[in-house]
$ cat my_file_21.cif   # mmCIF, C-alpha atoms
data_protein
#
loop_
_atom_site.label_atom_id
_atom_site.label_comp_id
_atom_site.auth_asym_id
_atom_site.auth_seq_id
_atom_site.Cartn_x
_atom_site.Cartn_y
_atom_site.Cartn_z
CA MET S 11 -93.34 22.71 231.51
CA THR S 12 -97.03 22.24 231.67
CA THR S 13 -99.53 24.14 233.71
CA LEU S 14 -101.69 22.44 236.29
CA ILE S 15 -105.25 23.68 235.95
CA THR S 16 -107.63 23.43 238.89
CA ILE S 17 -111.03 21.80 238.68
CA PRO S 18 -112.48 23.50 241.77
CA ALA S 19 -114.25 21.33 244.32
CA ARG S 20 -117.91 20.85 243.29
CA HIS S 21 -117.34 22.66 239.99
CA GLY S 22 -116.27 22.18 236.40
CA LYS S 23 -113.63 23.26 233.92
CA ALA S 24 -113.27 22.85 230.16
CA ALA S 25 -110.38 23.04 227.73
CA ARG S 26 -109.66 22.64 224.05
CA LEU S 27 -107.44 19.73 223.11
CA ALA S 28 -105.89 19.34 219.66
CA ALA S 29 -105.63 15.95 217.99
CA GLY S 30 -102.47 14.17 219.10
CA HIS S 31 -102.20 16.10 222.34
CA SER S 32 -102.94 14.55 225.72
CA VAL S 33 -104.41 15.60 229.01
CA ARG S 34 -103.47 14.19 232.39
CA ILE S 35 -106.23 14.24 234.99
CA VAL S 36 -104.90 14.16 238.53
CA ASN S 37 -106.91 12.87 241.48
CA THR S 38 -105.14 15.36 243.73
CA HIS S 39 -106.64 14.25 247.03
CA GLY S 40 -107.31 10.69 245.92
CA GLN S 41 -111.04 10.19 246.45
CA GLN S 42 -112.55 12.58 243.94
CA VAL S 43 -114.63 11.42 240.99
CA VAL S 44 -114.13 13.49 237.83
CA ASP S 45 -116.96 13.34 235.31
CA THR S 46 -115.37 13.72 231.88
CA TRP S 47 -116.89 14.66 228.54
CA ALA S 48 -115.42 15.18 225.07
CA PHE S 49 -117.14 16.91 222.16
CA THR S 50 -115.64 17.21 218.70
CA ALA S 51 -114.48 20.77 218.07
CA ALA S 52 -116.13 20.82 214.66
CA ASP S 53 -119.58 19.78 215.89
CA LEU S 54 -120.67 19.65 219.52
CA GLY S 55 -123.46 17.28 218.42
CA GLU S 56 -120.79 14.63 218.02
CA PHE S 57 -119.40 13.61 221.40
CA MET S 58 -117.80 10.76 223.31
CA SER S 59 -120.51 8.18 223.96
CA MET S 60 -120.36 5.54 226.65
CA GLU S 61 -122.96 3.28 224.96
CA HIS S 62 -120.98 3.32 221.72
CA SER S 63 -117.62 3.01 223.50
CA ARG S 64 -118.67 -0.13 225.40
CA VAL S 65 -119.40 -1.81 222.06
CA ALA S 66 -116.06 -0.62 220.65
CA ILE S 67 -113.84 -1.66 223.57
CA GLY S 68 -115.72 -4.80 224.61
CA ARG S 69 -115.83 -3.88 228.28
CA ILE S 70 -117.57 -1.52 230.66
CA ILE S 71 -114.37 -0.06 232.15
CA PRO S 72 -111.80 1.32 229.71
CA ALA S 73 -108.24 0.04 230.11
CA VAL S 74 -104.94 1.49 228.88
CA GLY S 75 -104.90 1.25 225.10
CA ASP S 76 -108.66 1.44 224.72
CA VAL S 77 -110.05 3.93 222.23
CA LEU S 78 -113.26 5.67 223.24
CA VAL S 79 -115.57 6.65 220.41
CA THR S 80 -118.23 9.21 219.60
CA ASN S 81 -121.92 8.74 218.96
CA ARG S 82 -120.83 8.33 215.32
CA ARG S 83 -118.38 5.62 216.41
CA ARG S 84 -115.27 7.66 215.55
CA PRO S 85 -112.22 7.52 217.83
CA ILE S 86 -112.07 10.60 220.04
CA LEU S 87 -109.95 9.75 223.13
CA THR S 88 -107.45 7.00 223.86
CA LEU S 89 -106.66 6.01 227.44
CA VAL S 90 -102.86 6.02 227.26
CA ALA S 91 -101.85 5.83 230.93
CA ASP S 92 -103.50 5.11 234.27
CA ASN S 93 -101.87 4.61 237.66
CA SER S 94 -105.09 5.13 239.63
CA GLY S 95 -106.02 1.49 240.04
CA GLY S 96 -107.93 1.28 236.77
CA ILE S 97 -111.40 1.66 238.24
CA HIS S 98 -113.72 4.04 236.36
CA ASP S 99 -117.39 4.07 235.49
CA THR S 100 -119.32 4.23 232.23
CA LEU S 101 -122.73 3.14 233.57
CA PHE S 102 -124.12 6.06 235.58
CA ALA S 103 -125.58 9.33 234.34
CA ALA S 104 -124.12 12.61 235.50
CA CYS S 105 -125.78 13.88 238.66
CA ASP S 106 -128.45 16.51 238.16
CA ARG S 107 -131.04 18.44 240.17
CA TRP S 108 -133.44 15.51 240.04
CA ARG S 109 -130.82 13.17 241.53
CA TYR S 110 -130.38 15.41 244.56
CA GLU S 111 -134.11 16.02 244.92
CA LEU S 112 -134.62 12.25 245.06
CA LEU S 113 -131.83 12.01 247.65
CA GLY S 114 -133.74 14.47 249.83
CA CYS S 115 -131.63 17.59 249.32
CA VAL S 116 -133.47 20.85 249.85
CA GLY S 117 -132.50 23.96 247.91
CA TYR S 118 -129.83 24.24 245.25
CA HIS S 119 -127.12 21.59 245.12
CA ASP S 120 -124.23 21.75 242.65
CA THR S 121 -124.49 19.10 239.94
CA CYS S 122 -122.18 17.66 237.30
CA THR S 123 -124.83 18.52 234.71
CA ASP S 124 -124.76 22.19 235.68
CA ASN S 125 -120.96 22.08 235.90
CA LEU S 126 -120.69 20.84 232.32
CA ALA S 127 -122.83 23.72 231.11
CA ALA S 128 -120.91 26.29 233.18
CA ALA S 129 -117.53 24.96 232.05
CA LEU S 130 -118.46 25.13 228.37
CA LYS S 131 -119.95 28.57 228.86
CA GLU S 132 -116.51 29.84 229.89
CA LEU S 133 -115.43 28.88 226.36
CA GLY S 134 -118.48 30.55 224.84
CA LEU S 135 -120.10 27.18 224.13
CA ALA S 136 -123.18 25.27 225.23
CA PRO S 137 -123.61 21.49 225.40
CA PRO S 138 -126.33 20.17 223.08
CA GLU S 139 -127.28 17.76 225.88
CA THR S 140 -125.58 16.06 228.83
CA PRO S 141 -124.05 12.88 227.42
CA ALA S 142 -123.41 10.00 229.80
CA PRO S 143 -119.94 10.88 231.12
CA LEU S 144 -116.79 8.88 231.52
CA ASN S 145 -116.72 8.92 235.32
CA LEU S 146 -113.01 8.82 236.08
CA PHE S 147 -112.06 7.21 239.42
CA MET S 148 -115.71 6.30 240.09
CA ASN S 149 -116.17 2.83 241.55
CA ILE S 150 -119.41 1.17 240.44
CA PRO S 151 -118.74 -2.57 240.38
CA VAL S 152 -121.13 -4.90 238.56
CA VAL S 153 -121.62 -7.70 241.07
CA ASP S 154 -122.83 -11.14 239.94
CA GLY S 155 -123.06 -9.82 236.40
CA ASN S 156 -125.98 -7.57 237.21
CA ARG S 157 -126.15 -5.62 240.46
CA VAL S 158 -124.40 -2.23 240.59
CA GLU S 159 -122.95 -0.95 243.83
CA ILE S 160 -121.77 2.51 244.85
CA ARG S 161 -118.33 2.30 246.47
CA PRO S 162 -115.58 4.78 247.37
CA PRO S 163 -112.81 5.23 244.78
CA VAL S 164 -109.75 2.96 244.92
CA SER S 165 -107.49 5.75 243.63
CA THR S 166 -104.83 7.38 245.77
CA PRO S 167 -103.72 11.02 246.19
CA GLY S 168 -101.85 12.25 243.13
CA SER S 169 -102.75 9.27 240.98
CA HIS S 170 -103.74 10.13 237.44
CA VAL S 171 -105.09 9.12 234.07
CA THR S 172 -103.87 10.31 230.67
CA LEU S 173 -106.17 10.67 227.68
CA ARG S 174 -104.97 11.44 224.14
CA ALA S 175 -107.20 13.26 221.67
CA GLU S 176 -107.71 11.45 218.38
CA ILE S 177 -109.54 14.43 216.91
CA ASP S 178 -109.67 18.12 217.83
CA CYS S 179 -112.04 18.28 220.75
CA ILE S 180 -113.47 20.19 223.67
CA LEU S 181 -112.95 18.44 226.98
CA ALA S 182 -115.02 19.17 230.07
CA PHE S 183 -114.47 17.96 233.61
CA SER S 184 -116.57 18.14 236.73
CA ALA S 185 -115.26 17.49 240.23
CA CYS S 186 -118.44 15.68 241.22
CA PRO S 187 -120.27 17.47 244.07
CA GLN S 188 -121.92 14.28 245.34
CA ASP S 189 -121.88 14.43 249.16
CA VAL S 190 -124.85 12.22 250.03
CA VAL S 191 -123.63 8.82 248.84
CA PRO S 192 -119.93 7.80 249.18
CA ILE S 193 -119.00 8.15 245.50
CA ASN S 194 -116.30 10.65 246.51
CA GLY S 195 -115.14 8.65 249.51
CA LEU S 196 -116.55 7.75 252.89
CA ALA S 197 -115.87 11.28 254.16
CA LEU S 198 -118.59 12.57 251.79
CA THR S 199 -116.37 15.56 251.08
CA PRO S 200 -115.93 16.62 247.45
CA THR S 201 -112.50 18.08 246.74
CA GLU S 202 -110.69 19.81 243.91
CA ALA S 203 -108.85 17.90 241.23
CA HIS S 204 -106.43 19.05 238.54
CA PHE S 205 -105.50 18.52 234.93
CA GLU S 206 -102.66 19.48 232.65
CA VAL S 207 -102.47 19.54 228.90
CA LEU S 208 -99.40 17.69 227.66
CA GLY S 209 -97.63 18.27 224.37
CA MET D 15 -159.57 -8.73 222.79
CA THR D 16 -156.36 -7.03 221.91
CA THR D 17 -154.77 -6.63 218.54
CA LEU D 18 -151.38 -8.07 217.78
CA ILE D 19 -149.31 -5.50 215.91
CA THR D 20 -146.39 -6.61 213.77
CA ILE D 21 -142.90 -5.21 214.10
CA PRO D 22 -141.71 -6.27 210.64
CA ALA D 23 -138.37 -8.05 210.38
CA ARG D 24 -135.53 -5.48 210.19
CA HIS D 25 -137.98 -2.59 210.74
CA GLY D 26 -139.68 -0.52 213.42
CA LYS D 27 -143.10 0.38 214.74
CA ALA D 28 -144.33 2.97 217.22
CA ALA D 29 -147.46 3.39 219.31
CA ARG D 30 -148.94 5.74 221.86
CA LEU D 31 -149.46 4.33 225.33
CA ALA D 32 -151.54 6.06 227.98
CA ALA D 33 -150.46 6.10 231.62
CA GLY D 34 -151.66 2.96 233.39
CA HIS D 35 -151.90 0.93 230.20
CA SER D 36 -149.47 -1.82 229.32
CA VAL D 37 -147.85 -3.25 226.26
CA ARG D 38 -146.78 -6.86 225.80
CA ILE D 39 -143.82 -7.40 223.48
CA VAL D 40 -143.74 -10.90 222.03
CA ASN D 41 -140.56 -12.56 220.80
CA THR D 42 -142.57 -14.41 218.18
CA HIS D 43 -139.79 -16.56 216.78
CA GLY D 44 -137.71 -16.53 219.94
CA GLN D 45 -134.35 -15.15 218.90
CA GLN D 46 -135.18 -11.57 217.94
CA VAL D 47 -133.84 -8.57 219.79
CA VAL D 48 -136.33 -5.69 220.06
CA ASP D 49 -134.79 -2.28 220.68
CA THR D 50 -137.29 -0.32 222.75
CA TRP D 51 -137.63 3.42 223.37
CA ALA D 52 -140.15 5.51 225.31
CA PHE D 53 -140.61 9.27 225.01
CA THR D 54 -143.01 11.27 227.14
CA ALA D 55 -146.01 12.33 225.06
CA ALA D 56 -145.79 15.89 226.39
CA ASP D 57 -142.14 16.40 225.44
CA LEU D 58 -140.08 14.11 223.23
CA GLY D 59 -136.97 15.65 224.81
CA GLU D 60 -137.80 13.65 227.93
CA PHE D 61 -137.30 9.95 227.31
CA MET D 62 -136.46 6.65 228.98
CA SER D 63 -132.74 6.72 229.79
CA MET D 64 -130.63 3.66 230.43
CA GLU D 65 -127.91 5.60 232.30
CA HIS D 66 -130.48 7.08 234.65
CA SER D 67 -132.42 3.82 234.97
CA ARG D 68 -129.34 1.84 236.06
CA VAL D 69 -128.91 4.27 238.95
CA ALA D 70 -132.61 4.00 239.83
CA ILE D 71 -132.91 0.20 239.73
CA GLY D 72 -129.43 -0.67 241.02
CA ARG D 73 -128.68 -3.16 238.28
CA ILE D 74 -127.84 -3.31 234.60
CA ILE D 75 -130.69 -5.67 233.64
CA PRO D 76 -134.21 -4.68 234.71
CA ALA D 77 -136.21 -7.30 236.58
CA VAL D 78 -139.96 -7.62 237.15
CA GLY D 79 -141.03 -4.78 239.41
CA ASP D 80 -138.29 -2.42 238.30
CA VAL D 81 -139.29 1.09 237.30
CA LEU D 82 -137.36 2.59 234.39
CA VAL D 83 -136.93 6.34 234.45
CA THR D 84 -136.44 9.24 232.07
CA ASN D 85 -133.48 11.57 231.66
CA ARG D 86 -135.25 13.67 234.30
CA ARG D 87 -135.41 10.61 236.56
CA ARG D 88 -139.21 10.33 236.40
CA PRO D 89 -140.83 6.88 236.23
CA ILE D 90 -141.90 6.11 232.66
CA LEU D 91 -142.18 2.30 232.30
CA THR D 92 -142.47 -0.52 234.82
CA LEU D 93 -141.45 -4.05 233.88
CA VAL D 94 -144.52 -5.94 235.14
CA ALA D 95 -144.06 -9.40 233.60
CA ASP D 96 -141.35 -11.34 231.82
CA ASN D 97 -141.32 -15.02 230.88
CA SER D 98 -138.46 -14.67 228.39
CA GLY D 99 -135.66 -15.71 230.73
CA GLY D 100 -135.05 -12.23 232.08
CA ILE D 101 -132.05 -11.40 229.90
CA HIS D 102 -132.08 -7.92 228.35
CA ASP D 103 -129.46 -5.28 227.66
CA THR D 104 -129.03 -1.67 228.72
CA LEU D 105 -125.35 -1.27 227.78
CA PHE D 106 -125.18 -1.12 223.98
CA ALA D 107 -126.15 1.71 221.66
CA ALA D 108 -128.68 1.14 218.93
CA CYS D 109 -127.07 -0.02 215.69
CA ASP D 110 -126.50 2.68 213.10
CA ARG D 111 -124.88 3.15 209.70
CA TRP D 112 -121.46 3.53 211.32
CA ARG D 113 -121.82 0.19 213.13
CA TYR D 114 -122.42 -1.64 209.86
CA GLU D 115 -119.67 0.26 208.04
CA LEU D 116 -117.23 -0.84 210.75
CA LEU D 117 -118.50 -4.41 210.39
CA GLY D 118 -117.64 -4.26 206.69
CA CYS D 119 -121.11 -3.95 205.20
CA VAL D 120 -121.22 -2.29 201.80
CA GLY D 121 -124.24 -0.26 200.73
CA TYR D 122 -127.32 0.48 202.78
CA HIS D 123 -128.09 -1.73 205.76
CA ASP D 124 -131.22 -1.30 207.86
CA THR D 125 -130.45 0.06 211.34
CA CYS D 126 -132.33 0.41 214.60
CA THR D 127 -131.50 4.12 214.54
CA ASP D 128 -133.21 4.55 211.17
CA ASN D 129 -136.08 2.31 212.31
CA LEU D 130 -136.74 4.55 215.32
CA ALA D 131 -136.96 7.59 213.07
CA ALA D 132 -139.20 5.82 210.53
CA ALA D 133 -141.51 4.46 213.23
CA LEU D 134 -142.00 7.88 214.82
CA LYS D 135 -142.49 9.45 211.41
CA GLU D 136 -145.57 7.24 210.94
CA LEU D 137 -147.01 9.10 213.95
CA GLY D 138 -145.95 12.46 212.53
CA LEU D 139 -143.11 12.74 215.03
CA ALA D 140 -139.31 12.89 214.96
CA PRO D 141 -136.92 11.71 217.69
CA PRO D 142 -134.77 14.52 219.12
CA GLU D 143 -131.89 12.03 219.19
CA THR D 144 -131.42 8.26 219.43
CA PRO D 145 -131.37 7.48 223.15
CA ALA D 146 -129.62 4.32 224.29
CA PRO D 147 -132.42 1.75 223.96
CA LEU D 148 -133.73 -0.91 226.28
CA ASN D 149 -132.63 -3.87 224.19
CA LEU D 150 -135.25 -6.48 225.00
CA PHE D 151 -134.13 -10.11 224.73
CA MET D 152 -130.55 -9.01 223.95
CA ASN D 153 -127.90 -11.07 225.70
CA ILE D 154 -124.81 -9.04 226.59
CA PRO D 155 -123.36 -10.60 229.73
CA VAL D 156 -120.80 -8.72 231.80
CA VAL D 157 -118.15 -11.34 232.47
CA ASP D 158 -115.72 -10.97 235.40
CA GLY D 159 -117.34 -7.65 236.23
CA ASN D 160 -115.98 -5.98 233.12
CA ARG D 161 -115.87 -7.77 229.78
CA VAL D 162 -119.02 -7.65 227.62
CA GLU D 163 -119.84 -10.51 225.29
CA ILE D 164 -122.29 -10.78 222.42
CA ARG D 165 -124.39 -13.92 222.77
CA PRO D 166 -127.60 -15.25 221.20
CA PRO D 167 -130.83 -14.55 223.11
CA VAL D 168 -131.99 -17.04 225.75
CA SER D 169 -135.64 -16.29 224.98
CA THR D 170 -137.97 -18.84 223.38
CA PRO D 171 -140.64 -18.53 220.65
CA GLY D 172 -143.71 -16.73 221.93
CA SER D 173 -142.08 -15.58 225.15
CA HIS D 174 -142.85 -12.02 226.13
CA VAL D 175 -142.29 -9.02 228.32
CA THR D 176 -144.94 -6.61 229.63
CA LEU D 177 -144.24 -2.94 230.27
CA ARG D 178 -146.69 -0.57 231.98
CA ALA D 179 -146.66 3.15 231.21
CA GLU D 180 -146.30 5.38 234.28
CA ILE D 181 -146.90 8.48 232.18
CA ASP D 182 -148.47 9.09 228.76
CA CYS D 183 -145.78 8.11 226.30
CA ILE D 184 -144.77 7.25 222.79
CA LEU D 185 -143.22 3.80 222.49
CA ALA D 186 -141.03 2.74 219.60
CA PHE D 187 -139.73 -0.71 218.78
CA SER D 188 -137.19 -1.97 216.27
CA ALA D 189 -136.80 -5.60 215.29
CA CYS D 190 -133.02 -5.30 215.16
CA PRO D 191 -131.64 -5.92 211.64
CA GLN D 192 -128.26 -7.13 212.94
CA ASP D 193 -127.19 -10.08 210.74
CA VAL D 194 -123.40 -9.90 211.07
CA VAL D 195 -122.94 -10.76 214.76
CA PRO D 196 -125.21 -13.35 216.50
CA ILE D 197 -127.26 -10.84 218.53
CA ASN D 198 -130.40 -12.24 216.86
CA GLY D 199 -129.34 -15.86 217.16
CA LEU D 200 -126.72 -18.04 215.57
CA ALA D 201 -128.73 -18.22 212.33
CA LEU D 202 -127.99 -14.50 211.79
CA THR D 203 -131.56 -14.12 210.52
CA PRO D 204 -133.58 -11.18 211.82
CA THR D 205 -137.28 -11.95 212.13
CA GLU D 206 -140.51 -10.12 212.88
CA ALA D 207 -141.76 -9.64 216.42
CA HIS D 208 -145.12 -8.44 217.75
CA PHE D 209 -146.68 -6.30 220.41
CA GLU D 210 -150.13 -5.74 221.78
CA VAL D 211 -151.49 -2.89 223.85
CA LEU D 212 -153.31 -4.17 226.93
CA GLY D 213 -156.05 -2.36 228.83
#
$ encode --input "my_file_21.cif" --output "structure tokens"
Amino acid sequence: MTTLITIPARHGKAARLAAGHSVRIVNTHGQQVVDTWAFTAADLGEFMSMEHSRVAIGRIIPAVGDVLVTNRRRPILTLVADNSGGIHDTLFAACDRWRYELLGCVGYHDTCTDNLAAALKELGLAPPETPAPLNLFMNIPVVDGNRVEIRPPVSTPGSHVTLRAEIDCILAFSACPQDVVPINGLALTPTEAHFEVLG
Amino acid sequence: MTTLITIPARHGKAARLAAGHSVRIVNTHGQQVVDTWAFTAADLGEFMSMEHSRVAIGRIIPAVGDVLVTNRRRPILTLVADNSGGIHDTLFAACDRWRYELLGCVGYHDTCTDNLAAALKELGLAPPETPAPLNLFMNIPVVDGNRVEIRPPVSTPGSHVTLRAEIDCILAFSACPQDVVPINGLALTPTEAHFEVLG
């Protein structure tokens, strides 16, 4: 038996994951992007890096079997299963207060950047910075080899991705609160998602 | 009259650039990748960010007129001219000791990461980290919307790119020392490049 842990809508959640163990991230309602980070347990200054992982895997979207690496190019997470349609993003920064200010939002808006910090704080930790996340279920196609588009996810309710830790690490997830552009579906309605730590 | 400053082969060089001024980066011998960073003069913790810039410009390769932004999404550099063929990279991390170790190099190999630190040190500064660089002249096509390939530059000897500062900043350049894969041309021979600060 595993326990399904909630990533509340518009918020974040973190967990420790031992080397060899896996985590399944469930897109419960089907259209929710989950920004995902991994930091090595021994040193939060070493973390999963999209710009290093693209070099390592030879593509911009990780596929089953691909090994994501840290900013020191060490394996940290392997994508071991994915029934979500295989569309994820490694190109876009986590949303932050400046993103929503530029989109015209007035007053406080939840952000993936703040969610990362809040999630780690629950574990008594603080991120050294906000690394570019692995944006699970996020659909940012590169059209004509150059142009990036923002499209709704192709994932379906209950579909999921499984990541295996290659080193003891701290994982953090944010159910992206984006409700201005259709990153989380055309309904512009962020929802909860879930994860479970597997043996 | 401007002064042509040398970026020595396999090494780096930094310069201060005031808001409104421009810098022209010359691919002197035509096949040399120049990793480029910009930090705000007021706070080195704010720097040009590829993952934020891709969101801002809507593509993975900046074109003339595009405004690159910082990790706080503020304009920092505008690409104002480019006669190099328009092929640059925003996807790959700067090379580092771990990259060359994985490529089988034994003993010390120059790296763009070390070159950034050495270049800033000449100005009495230290980078807070190694941001993902704007890899000028670097040819990393995204094939079929996903696969990344390493190809020789399309630029020609003497071709150049001009960047205008939108804020007072510190620029750093590295003539990439990569000589294992053909990033710097099929001859695998890193060369010098040059830059000049324009009025």
$ resolve_selection --input "my_file_21.cif" --expression "the PyMOL selection byres ((chain D) within 9 of (chain S))" --output "PyMOL selection string"
chain D and resi 63-69+71-75+85-88+104-108+110-113+116+146+155-163
$ residues_around --input "my_file_21.cif" --residues "segment 26-42 of chain D" --least-positions-apart "4" --cutoff "6 Å" --atoms "all atoms listed in the file" --output "ChimeraX atom specification"
/D:21,129,133-134,171-188,207-213
$ resolve_selection --input "my_file_21.cif" --expression "the PyMOL selection byres ((chain D and resi 190-204) around 8)" --output "list in words"
Ala23, Arg24, His25, Gln45, Gln46, Val47, Val48, Asp49, Cys109, Leu117, Asp124, Thr125, Cys126, Met152, Asn153, Ile164, Arg165, Pro166, Pro167, Ser188, Ala189, Thr205 and Glu206 of chain D
$ atom_distance --input "my_file_21.cif" --atom1 "atom CA of Asp76 of chain S" --atom2 "atom CA of His123 of chain D"
27.3 Å
$ atom_distance --input "my_file_21.cif" --atom1 "atom CA of Val78 of chain D" --atom2 "atom CA of Pro141 of chain D"
27.6 Å
$ closest_residue --input "my_file_21.cif" --among "D:Ala77, D:Ile19, D:Ala52, D:Ala131" --to "Ser98 of chain D" --atoms "all atoms listed in the file"
D:Ala77
$ decode --input "my_file_21.cif" --residues "segment 134-157 of chain D" --atoms "C-alpha atoms" --output "PDB file, in the first residue's frame"
ATOM      1  CA  LEU D 134      34.845  38.220 -13.839  1.00  0.00           C
ATOM      2  CA  LYS D 135      37.800  37.877 -11.495  1.00  0.00           C
ATOM      3  CA  GLU D 136      39.742  40.271 -13.745  1.00  0.00           C
ATOM      4  CA  LEU D 137      37.069  42.841 -12.834  1.00  0.00           C
ATOM      5  CA  GLY D 138      37.281  41.939  -9.148  1.00  0.00           C
ATOM      6  CA  LEU D 139      33.975  40.082  -9.293  1.00  0.00           C
ATOM      7  CA  ALA D 140      32.739  36.524  -8.840  1.00  0.00           C
ATOM      8  CA  PRO D 141      29.685  34.931 -10.488  1.00  0.00           C
ATOM      9  CA  PRO D 142      27.041  33.798  -7.972  1.00  0.00           C
ATOM     10  CA  GLU D 143      26.549  30.725 -10.164  1.00  0.00           C
ATOM     11  CA  THR D 144      26.979  29.765 -13.828  1.00  0.00           C
ATOM     12  CA  PRO D 145      23.717  30.733 -15.521  1.00  0.00           C
ATOM     13  CA  ALA D 146      22.766  28.942 -18.720  1.00  0.00           C
ATOM     14  CA  PRO D 147      24.566  31.064 -21.334  1.00  0.00           C
ATOM     15  CA  LEU D 148      23.447  32.590 -24.584  1.00  0.00           C
ATOM     16  CA  ASN D 149      25.637  30.450 -26.823  1.00  0.00           C
ATOM     17  CA  LEU D 150      26.333  32.750 -29.749  1.00  0.00           C
ATOM     18  CA  PHE D 151      26.987  31.042 -33.093  1.00  0.00           C
ATOM     19  CA  MET D 152      26.264  27.619 -31.552  1.00  0.00           C
ATOM     20  CA  ASN D 153      24.211  25.343 -33.775  1.00  0.00           C
ATOM     21  CA  ILE D 154      21.920  23.032 -31.805  1.00  0.00           C
ATOM     22  CA  PRO D 155      18.888  22.400 -34.000  1.00  0.00           C
ATOM     23  CA  VAL D 156      15.720  20.928 -32.511  1.00  0.00           C
ATOM     24  CA  VAL D 157      14.781  18.237 -35.005  1.00  0.00           C
TER      25      VAL D 157
END
